[in-house]
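Undergrad: Have a peek at protein.pdb (PDB, C-alpha atoms, pLDDT in the B column).
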ATOM      1  CA  MET G 363      -0.545  21.670 -36.680  1.00 43.00           C
ATOM      2  CA  ILE G 364       0.027  17.978 -37.357  1.00 47.00           C
ATOM      3  CA  ASP G 365       3.785  18.554 -37.266  1.00 49.00           C
ATOM      4  CA  SER G 366       3.585  20.191 -33.825  1.00 47.00           C
ATOM      5  CA  ILE G 367       1.510  17.307 -32.463  1.00 45.00           C
ATOM      6  CA  SER G 368       3.887  14.702 -33.843  1.00 46.00           C
ATOM      7  CA  ASN G 369       6.895  16.599 -32.461  1.00 47.00           C
ATOM      8  CA  ILE G 370       5.338  16.677 -29.005  1.00 48.00           C
ATOM      9  CA  GLY G 371       4.658  12.950 -29.230  1.00 48.00           C
ATOM     10  CA  LEU G 372       8.263  12.259 -30.269  1.00 44.00           C
ATOM     11  CA  GLN G 373       9.612  14.396 -27.423  1.00 52.00           C
ATOM     12  CA  GLN G 374       7.515  12.471 -24.909  1.00 50.00           C
ATOM     13  CA  ILE G 375       8.717   9.151 -26.309  1.00 48.00           C
ATOM     14  CA  LYS G 376      12.334  10.311 -26.146  1.00 52.00           C
ATOM     15  CA  SER G 377      11.904  11.452 -22.536  1.00 50.00           C
ATOM     16  CA  VAL G 378      10.480   8.051 -21.606  1.00 48.00           C
ATOM     17  CA  ASN G 379      13.383   6.285 -23.288  1.00 49.00           C
ATOM     18  CA  THR G 380      15.967   8.382 -21.432  1.00 51.00           C
ATOM     19  CA  ALA G 381      14.447   7.643 -18.019  1.00 48.00           C
ATOM     20  CA  PRO G 382      16.582   5.348 -15.848  1.00 52.00           C
ATOM     21  CA  ALA G 383      15.569   1.725 -15.990  1.00 52.00           C
ATOM     22  CA  ALA G 384      13.900   0.226 -12.930  1.00 52.00           C
ATOM     23  CA  THR G 385      16.077  -2.876 -13.273  1.00 60.00           C
ATOM     24  CA  ASP G 386      19.215  -0.911 -12.315  1.00 73.00           C
ATOM     25  CA  LYS G 387      18.422  -1.410  -8.626  1.00 77.00           C
ATOM     26  CA  SER G 388      20.277  -4.023  -6.633  1.00 83.00           C
ATOM     27  CA  ALA G 389      18.500  -6.808  -4.792  1.00 78.00           C
ATOM     28  CA  ALA G 390      19.202  -5.105  -1.458  1.00 75.00           C
ATOM     29  CA  GLU G 391      17.554  -1.882  -2.648  1.00 77.00           C
ATOM     30  CA  ILE G 392      14.504  -3.764  -3.896  1.00 76.00           C
ATOM     31  CA  THR G 393      14.220  -5.680  -0.634  1.00 72.00           C
ATOM     32  CA  LYS G 394      14.619  -2.480   1.343  1.00 73.00           C
ATOM     33  CA  SER G 395      11.920  -0.723  -0.651  1.00 81.00           C
ATOM     34  CA  PHE G 396       9.575  -3.717  -0.243  1.00 78.00           C
ATOM     35  CA  GLY G 397      10.257  -3.775   3.484  1.00 81.00           C
ATOM     36  CA  GLN G 398       9.659  -0.038   3.647  1.00 87.00           C
ATOM     37  CA  PHE G 399       6.391  -0.520   1.766  1.00 85.00           C
ATOM     38  CA  LEU G 400       5.227  -3.111   4.298  1.00 84.00           C
ATOM     39  CA  ASN G 401       6.297  -0.913   7.197  1.00 90.00           C
ATOM     40  CA  ASP G 402       4.399   2.060   5.770  1.00 89.00           C
ATOM     41  CA  ALA G 403       1.304  -0.086   5.278  1.00 89.00           C
ATOM     42  CA  LEU G 404       1.389  -1.311   8.865  1.00 91.00           C
ATOM     43  CA  GLU G 405       1.854   2.225  10.148  1.00 94.00           C
ATOM     44  CA  SER G 406      -1.142   3.308   8.083  1.00 93.00           C
ATOM     45  CA  VAL G 407      -3.320   0.596   9.640  1.00 93.00           C
ATOM     46  CA  SER G 408      -2.119   1.621  13.088  1.00 94.00           C
ATOM     47  CA  ALA G 409      -2.898   5.276  12.339  1.00 95.00           C
ATOM     48  CA  GLN G 410      -6.417   4.360  11.206  1.00 95.00           C
ATOM     49  CA  GLU G 411      -6.971   2.445  14.429  1.00 95.00           C
ATOM     50  CA  ALA G 412      -5.763   5.429  16.481  1.00 96.00           C
ATOM     51  CA  GLU G 413      -8.101   7.675  14.485  1.00 96.00           C
ATOM     52  CA  VAL G 414     -11.045   5.435  15.374  1.00 96.00           C
ATOM     53  CA  HIS G 415     -10.176   5.674  19.061  1.00 96.00           C
ATOM     54  CA  ALA G 416      -9.867   9.459  18.829  1.00 96.00           C
ATOM     55  CA  LYS G 417     -13.207   9.796  17.031  1.00 96.00           C
ATOM     56  CA  ASN G 418     -14.824   7.490  19.558  1.00 96.00           C
ATOM     57  CA  ASP G 419     -13.622   9.765  22.359  1.00 96.00           C
ATOM     58  CA  LEU G 420     -14.931  12.808  20.474  1.00 96.00           C
ATOM     59  CA  TYR G 421     -18.265  11.050  19.975  1.00 96.00           C
ATOM     60  CA  LEU G 422     -18.529  10.376  23.698  1.00 95.00           C
ATOM     61  CA  ALA G 423     -17.865  14.068  24.279  1.00 95.00           C
ATOM     62  CA  GLY G 424     -20.621  14.928  21.777  1.00 94.00           C
ATOM     63  CA  LYS G 425     -18.342  16.636  19.253  1.00 94.00           C
ATOM     64  CA  VAL G 426     -18.738  14.311  16.237  1.00 94.00           C
ATOM     65  CA  ASP G 427     -21.596  12.426  14.665  1.00 95.00           C
ATOM     66  CA  ALA G 428     -22.036   8.679  15.066  1.00 95.00           C
ATOM     67  CA  THR G 429     -21.761   8.152  11.304  1.00 96.00           C
ATOM     68  CA  GLU G 430     -18.194   9.494  11.304  1.00 95.00           C
ATOM     69  CA  VAL G 431     -17.252   6.998  14.007  1.00 95.00           C
ATOM     70  CA  LEU G 432     -18.899   4.141  12.127  1.00 96.00           C
ATOM     71  CA  ILE G 433     -17.229   5.066   8.831  1.00 96.00           C
ATOM     72  CA  SER G 434     -13.799   5.301  10.472  1.00 95.00           C
ATOM     73  CA  ALA G 435     -14.346   2.003  12.271  1.00 95.00           C
ATOM     74  CA  SER G 436     -15.381   0.290   9.031  1.00 96.00           C
ATOM     75  CA  GLN G 437     -12.338   1.626   7.199  1.00 95.00           C
ATOM     76  CA  ALA G 438     -10.024   0.477   9.977  1.00 95.00           C
ATOM     77  CA  GLN G 439     -11.674  -2.949  10.045  1.00 95.00           C
ATOM     78  CA  LEU G 440     -11.265  -3.377   6.288  1.00 96.00           C
ATOM     79  CA  SER G 441      -7.619  -2.310   6.482  1.00 94.00           C
ATOM     80  CA  LEU G 442      -6.959  -4.782   9.274  1.00 93.00           C
ATOM     81  CA  GLN G 443      -8.675  -7.589   7.348  1.00 95.00           C
ATOM     82  CA  LEU G 444      -6.615  -6.788   4.258  1.00 93.00           C
ATOM     83  CA  THR G 445      -3.429  -6.770   6.322  1.00 92.00           C
ATOM     84  CA  SER G 446      -4.220 -10.153   7.845  1.00 93.00           C
ATOM     85  CA  GLN G 447      -5.032 -11.613   4.408  1.00 94.00           C
ATOM     86  CA  ILE G 448      -1.722 -10.337   3.025  1.00 91.00           C
ATOM     87  CA  ARG G 449       0.083 -11.830   6.026  1.00 90.00           C
ATOM     88  CA  ASP G 450      -1.640 -15.180   5.462  1.00 93.00           C
ATOM     89  CA  LYS G 451      -0.688 -15.173   1.783  1.00 94.00           C
ATOM     90  CA  ALA G 452       2.923 -14.325   2.623  1.00 90.00           C
ATOM     91  CA  VAL G 453       3.120 -17.139   5.200  1.00 93.00           C
ATOM     92  CA  ASN G 454       1.595 -19.590   2.716  1.00 95.00           C
ATOM     93  CA  ALA G 455       4.078 -18.526   0.040  1.00 94.00           C
ATOM     94  CA  TYR G 456       6.976 -18.948   2.471  1.00 93.00           C
ATOM     95  CA  GLN G 457       5.756 -22.410   3.484  1.00 95.00           C
ATOM     96  CA  GLU G 458       5.402 -23.385  -0.163  1.00 95.00           C
ATOM     97  CA  ILE G 459       8.936 -22.240  -0.902  1.00 94.00           C
ATOM     98  CA  MET G 460      10.239 -24.217   2.051  1.00 94.00           C
ATOM     99  CA  ARG G 461       8.553 -27.373   0.700  1.00 94.00           C
ATOM    100  CA  ILE G 462      10.429 -27.154  -2.594  1.00 92.00           C
ATOM    101  CA  GLN G 463      13.093 -29.833  -2.785  1.00 85.00           C
ATOM    102  CA  ILE G 464      16.461 -28.921  -4.173  1.00 79.00           C
TER     103      ILE G 464
END
For this file, produce the structure as structure tokens.
TA:
Amino acid sequence: MIDSISNIGLQQIKSVNTAPAATDKSAAEITKSFGQFLNDALESVSAQEAEVHAKNDLYLAGKVDATEVLISASQAQLSLQLTSQIRDKAVNAYQEIMRIQI
């Protein structure tokens, strides 16, 4: 029983070691994936905002409860606040980099 457990552990370690390294990506691929990540995040915030508008319309029609509208609105507000904080941090980092003297 101990041998089977240790063999499974060794097989898992070997499979991890044979996985391709994350450092094999070029700078363009990393930048593209980061840009894609930001684009996906912004689309998610936009989708949450559209969901709030849709639920608000359904609430006015009497088809959903007010708590659903409030929960969706709170989630969208938090997402928008997070997005603006990330933007502010990115702008501050860019400004700091531009201040560095060569």
Undergrad: To one decimal in Å, tell me the separation between CA of Asp402 (chain G) and CA of Tyr421 (chain G).
TA: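 That distance, rounded to one decimal, is 28.2 Å.
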Undergrad: Selected by the PyMOL selection byres ((chain G and resi 418) around 12) in the shown coordinates: which residues, as number ranges by chain?
TA: G: 411-417, 419-435
Undergrad: Could you please determine the separation between CA of Phe399 (chain G) and CA of Gln457 (chain G) in Å, to one decimal place?
TA: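 About the pair CA of Phe399 (chain G) and CA of Gln457 (chain G): they are 22.0 Å apart.
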Undergrad: In Å, rounded to a single decimal, give me how far CA of Leu400 (chain G) is from CA of Asp450 (chain G).
TA: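 So the two atoms, CA of Asp450 (chain G) and CA of Leu400 (chain G), lie 13.9 Å apart.
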Undergrad: Which of these residues is nearest to Ser441 (chain G), using all atoms listed in the file: G:Asn401, G:Ile459, G:Glu391, G:Gln410?
TA: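 Once distances to Ser441 (chain G) are computed over all atoms listed in the file, the minimum belongs to G:Gln410.
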Undergrad: For the structure provided, state which residues fall under the PyMOL selection byres ((chain G and resi 442) around 12), and present them as a ChimeraX atom specification.
TA: /G:403-411,435-441,443-449
Undergrad: Could I get region 421-445 of chain G from the block written as a PDB file, in the first residue's frame, with N, CA and C atoms?
TA:
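The resulting out.pdb:
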ATOM      1  N   TYR G 421     -37.881  44.515 -12.952  1.00  0.00           N
ATOM      2  CA  TYR G 421     -38.467  44.948 -11.686  1.00  0.00           C
ATOM      3  C   TYR G 421     -39.631  45.901 -11.939  1.00  0.00           C
ATOM      4  N   LEU G 422     -39.432  46.825 -12.885  1.00  0.00           N
ATOM      5  CA  LEU G 422     -40.506  47.766 -13.198  1.00  0.00           C
ATOM      6  C   LEU G 422     -41.718  47.057 -13.793  1.00  0.00           C
ATOM      7  N   ALA G 423     -41.464  45.925 -14.449  1.00  0.00           N
ATOM      8  CA  ALA G 423     -42.566  45.134 -14.996  1.00  0.00           C
ATOM      9  C   ALA G 423     -43.169  44.210 -13.947  1.00  0.00           C
ATOM     10  N   GLY G 424     -42.542  44.125 -12.763  1.00  0.00           N
ATOM     11  CA  GLY G 424     -43.063  43.300 -11.681  1.00  0.00           C
ATOM     12  C   GLY G 424     -42.664  41.842 -11.769  1.00  0.00           C
ATOM     13  N   LYS G 425     -41.603  41.530 -12.501  1.00  0.00           N
ATOM     14  CA  LYS G 425     -41.212  40.136 -12.701  1.00  0.00           C
ATOM     15  C   LYS G 425     -40.084  39.670 -11.779  1.00  0.00           C
ATOM     16  N   VAL G 426     -39.347  40.579 -11.176  1.00  0.00           N
ATOM     17  CA  VAL G 426     -38.287  40.185 -10.233  1.00  0.00           C
ATOM     18  C   VAL G 426     -38.447  40.974  -8.949  1.00  0.00           C
ATOM     19  N   ASP G 427     -37.801  40.469  -7.917  1.00  0.00           N
ATOM     20  CA  ASP G 427     -37.863  41.083  -6.599  1.00  0.00           C
ATOM     21  C   ASP G 427     -36.852  42.238  -6.515  1.00  0.00           C
ATOM     22  N   ALA G 428     -37.123  43.172  -5.638  1.00  0.00           N
ATOM     23  CA  ALA G 428     -36.245  44.325  -5.472  1.00  0.00           C
ATOM     24  C   ALA G 428     -34.863  43.915  -4.959  1.00  0.00           C
ATOM     25  N   THR G 429     -34.787  42.839  -4.168  1.00  0.00           N
ATOM     26  CA  THR G 429     -33.501  42.424  -3.638  1.00  0.00           C
ATOM     27  C   THR G 429     -32.551  41.963  -4.740  1.00  0.00           C
ATOM     28  N   GLU G 430     -33.106  41.334  -5.787  1.00  0.00           N
ATOM     29  CA  GLU G 430     -32.264  40.909  -6.909  1.00  0.00           C
ATOM     30  C   GLU G 430     -31.657  42.116  -7.616  1.00  0.00           C
ATOM     31  N   VAL G 431     -32.464  43.164  -7.765  1.00  0.00           N
ATOM     32  CA  VAL G 431     -31.983  44.384  -8.415  1.00  0.00           C
ATOM     33  C   VAL G 431     -30.892  45.026  -7.564  1.00  0.00           C
ATOM     34  N   LEU G 432     -31.127  45.082  -6.256  1.00  0.00           N
ATOM     35  CA  LEU G 432     -30.149  45.701  -5.365  1.00  0.00           C
ATOM     36  C   LEU G 432     -28.844  44.913  -5.319  1.00  0.00           C
ATOM     37  N   ILE G 433     -28.930  43.594  -5.309  1.00  0.00           N
ATOM     38  CA  ILE G 433     -27.726  42.763  -5.288  1.00  0.00           C
ATOM     39  C   ILE G 433     -26.941  42.944  -6.581  1.00  0.00           C
ATOM     40  N   SER G 434     -27.624  42.931  -7.711  1.00  0.00           N
ATOM     41  CA  SER G 434     -26.944  43.127  -8.999  1.00  0.00           C
ATOM     42  C   SER G 434     -26.315  44.511  -9.079  1.00  0.00           C
ATOM     43  N   ALA G 435     -27.026  45.515  -8.591  1.00  0.00           N
ATOM     44  CA  ALA G 435     -26.492  46.877  -8.615  1.00  0.00           C
ATOM     45  C   ALA G 435     -25.261  46.997  -7.723  1.00  0.00           C
ATOM     46  N   SER G 436     -25.289  46.354  -6.573  1.00  0.00           N
ATOM     47  CA  SER G 436     -24.130  46.394  -5.666  1.00  0.00           C
ATOM     48  C   SER G 436     -22.925  45.690  -6.278  1.00  0.00           C
ATOM     49  N   GLN G 437     -23.160  44.548  -6.920  1.00  0.00           N
ATOM     50  CA  GLN G 437     -22.066  43.841  -7.570  1.00  0.00           C
ATOM     51  C   GLN G 437     -21.466  44.666  -8.696  1.00  0.00           C
ATOM     52  N   ALA G 438     -22.312  45.295  -9.489  1.00  0.00           N
ATOM     53  CA  ALA G 438     -21.822  46.126 -10.589  1.00  0.00           C
ATOM     54  C   ALA G 438     -21.055  47.334 -10.062  1.00  0.00           C
ATOM     55  N   GLN G 439     -21.535  47.918  -8.967  1.00  0.00           N
ATOM     56  CA  GLN G 439     -20.857  49.070  -8.383  1.00  0.00           C
ATOM     57  C   GLN G 439     -19.476  48.675  -7.862  1.00  0.00           C
ATOM     58  N   LEU G 440     -19.387  47.534  -7.187  1.00  0.00           N
ATOM     59  CA  LEU G 440     -18.097  47.078  -6.687  1.00  0.00           C
ATOM     60  C   LEU G 440     -17.127  46.770  -7.832  1.00  0.00           C
ATOM     61  N   SER G 441     -17.627  46.175  -8.892  1.00  0.00           N
ATOM     62  CA  SER G 441     -16.780  45.885 -10.051  1.00  0.00           C
ATOM     63  C   SER G 441     -16.265  47.168 -10.688  1.00  0.00           C
ATOM     64  N   LEU G 442     -17.134  48.159 -10.800  1.00  0.00           N
ATOM     65  CA  LEU G 442     -16.723  49.432 -11.378  1.00  0.00           C
ATOM     66  C   LEU G 442     -15.708  50.141 -10.487  1.00  0.00           C
ATOM     67  N   GLN G 443     -15.889  50.090  -9.176  1.00  0.00           N
ATOM     68  CA  GLN G 443     -14.928  50.691  -8.260  1.00  0.00           C
ATOM     69  C   GLN G 443     -13.570  49.993  -8.354  1.00  0.00           C
ATOM     70  N   LEU G 444     -13.591  48.673  -8.437  1.00  0.00           N
ATOM     71  CA  LEU G 444     -12.344  47.923  -8.576  1.00  0.00           C
ATOM     72  C   LEU G 444     -11.640  48.279  -9.878  1.00  0.00           C
ATOM     73  N   THR G 445     -12.414  48.387 -10.949  1.00  0.00           N
ATOM     74  CA  THR G 445     -11.834  48.747 -12.247  1.00  0.00           C
ATOM     75  C   THR G 445     -11.205  50.133 -12.200  1.00  0.00           C
TER      76      THR G 445
END
